[in-house]
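As structure tokens, the structure follows; a few thoughts come after it.
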Amino acid sequence: MRVFAISDLHVDHQANREWVQQLSESEYTNDVLIIAGDISDDWAHLENTLQILQNKFSKVFFVPGNHELWIRRGNYPHSIGKFEQILLLCQQLGIFTNPQKIGQGENDSGLWIIPLFSWYTLPEEGGNSLFITKPGNDRTMEIWNDFHCTQWPDLGQATLSEYFLGLNASCLEKKYEAPVISFSHFLPRQDLIFSTEKEREGAVLKDPHPYFNFSRVAGCRGLEQQIRKLGSTIHVYGHQHRNRDRMVDGVRYISCCLGYPRERARSTLKMPGFGEQPMMILSTIK
Ligand SMILES: [Fe+2]
């Protein structure tokens, strides 16, 4: 059994749907796939993709990303209502959105795969945000589709990131007697935004959109606290469409995104370690 990871499939693009379809029917039948969010906001695309991947892999794990919670298409009470419907869909399809122990055989102790729900903390919501000041004209949220395509119920005093992180509470209470691989859609650490240490030292964001500061919506520090509490050996995430494979203080952070066809054409998305098939082996379990 091997563990693979991918995120940001964005199958609204035909080339990405074809990528999903061309994956081997036979190569991964003993393997696990972690999908770290952003398949599509379209229900039919989401369901169809989950079903295809479920047929190709032995076990599939998924957390919704921000795109899944857009409600511009379909009839949903609000984005959390859609989130709950997606969890139900996953349950019906046999896709895991909760912790599972896998690969426990005679000669190994297995490992835990733990999905962590999350959202980003906006800079105006306090120090939990991954926000970095960016020189120039940052036009705030109006440029970001989430602002227009999501709707939220009254969460009282809680921010969205607090609400979603709160859903992970029961996972955090357990003791895990085998190695833990956790995953989220959003980024847990500010330093992961940067592709190099030099870039980070200068703290200059190289966003493709000069008027948009990605760090505003990148993730939240609370995720990192949960990862450390779990004692994860590997954490998989997505969202930024930048591939990473980096050790930080004993945790290996991996992002392996399919991304948009135009990003692949520009080679801004180089898939590390997996050649033609943009997926990554996380580990091998005997
Ligand atoms: Fe995303």
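We label chains A, B, ... in the order they appear in the structure tokens, count residues from 1 in each chain, and number ligands from 1 in the order shown.
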
Within 8 Å of ligand 1, which residues show up when you count only C-alpha atoms and all ligand atoms? List them as JSON, numbers by chain, please. {"A": [8, 37, 38, 65, 66, 67, 185, 186, 238, 239, 240]}

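Compared by their closest atoms to Leu9 (chain A), and using only C-alpha atoms, the residues A:Gly231, A:Gly222, A:Pro64, A:Gly166 rank with A:Pro64 nearest.
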
Env of Glu177 (chain A): 9 Å cut, atoms = only C-alpha atoms, seq-sep filter 5 positions within chain, self excluded. Answer as a list in words.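 Selected residues are Ser109, Leu111 and Trp112 of chain A.
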
Take the residues just selected and output them with N, CA and C atoms as a PDB file, in the first residue's frame.
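Output file part.pdb follows:
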ATOM      1  N   SER A 109       2.907  -1.217  11.823  1.00  0.00           N
ATOM      2  CA  SER A 109       1.928  -0.704  12.781  1.00  0.00           C
ATOM      3  C   SER A 109       0.859   0.133  12.105  1.00  0.00           C
ATOM      4  N   LEU A 111      -0.647   3.399   9.765  1.00  0.00           N
ATOM      5  CA  LEU A 111      -0.572   4.828  10.045  1.00  0.00           C
ATOM      6  C   LEU A 111      -1.962   5.429  10.012  1.00  0.00           C
ATOM      7  N   TRP A 112      -2.056   6.588  10.647  1.00  0.00           N
ATOM      8  CA  TRP A 112      -3.327   7.306  10.691  1.00  0.00           C
ATOM      9  C   TRP A 112      -3.344   8.394   9.632  1.00  0.00           C
TER      10      TRP A 112
END

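Interatomic distance, CA of Val63 (chain A) to CA of Ala36 (chain A): 5.7 Å.
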
Please, which residues of region 35-227 of chain A, numbered as in this document, come out helix (DSSP H, G or I) from DSSP, as number ranges by chain? A: 43-56, 67-69, 79-93, 123-125, 140-143, 145-149, 160-166, 169-173, 190-193, 197-202, 214-217, 221-227

Determine the nearest neighbour of Asn16 (chain A) from the options A:Ser40, A:Ile114, A:Pro77, A:Val3, counting only C-alpha atoms.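 Ranked by minimum distance to Asn16 (chain A), first place goes to A:Ser40.
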
Determine, counting only C-alpha atoms, which protein, DNA and RNA residues have an atom within 12 Å of an atom of Asp249 (chain A); residues of the same chain fewer than 6 positions away are not included. Present the result as a PDB file with C-alpha atoms, in the first residue's frame.
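Generated output (around.pdb):
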ATOM      1  CA  ARG A 189       2.257  28.373   8.150  1.00  0.00           C
ATOM      2  CA  GLU A 224      -0.326  24.541  12.665  1.00  0.00           C
ATOM      3  CA  ILE A 227      -0.813  19.624  13.372  1.00  0.00           C
ATOM      4  CA  ARG A 228       1.672  19.888  16.260  1.00  0.00           C
ATOM      5  CA  GLY A 231       2.219  15.013  16.206  1.00  0.00           C
ATOM      6  CA  SER A 232       1.917  14.677  12.417  1.00  0.00           C
ATOM      7  CA  THR A 233       4.954  13.365  10.591  1.00  0.00           C
ATOM      8  CA  ILE A 234       3.610  14.653   7.264  1.00  0.00           C
TER       9      ILE A 234
END

Could you work out how far CA of Val20 (chain A) lies from CA of Leu258 (chain A), giving the answer in Å with one decimal?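 CA of Leu258 (chain A) sits 9.9 Å away from CA of Val20 (chain A).
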
Quick one: DSSP strand (DSSP E or B) residues in region 211-242 of chain A, as a ChimeraX atom specification? /A:219-220,234-237
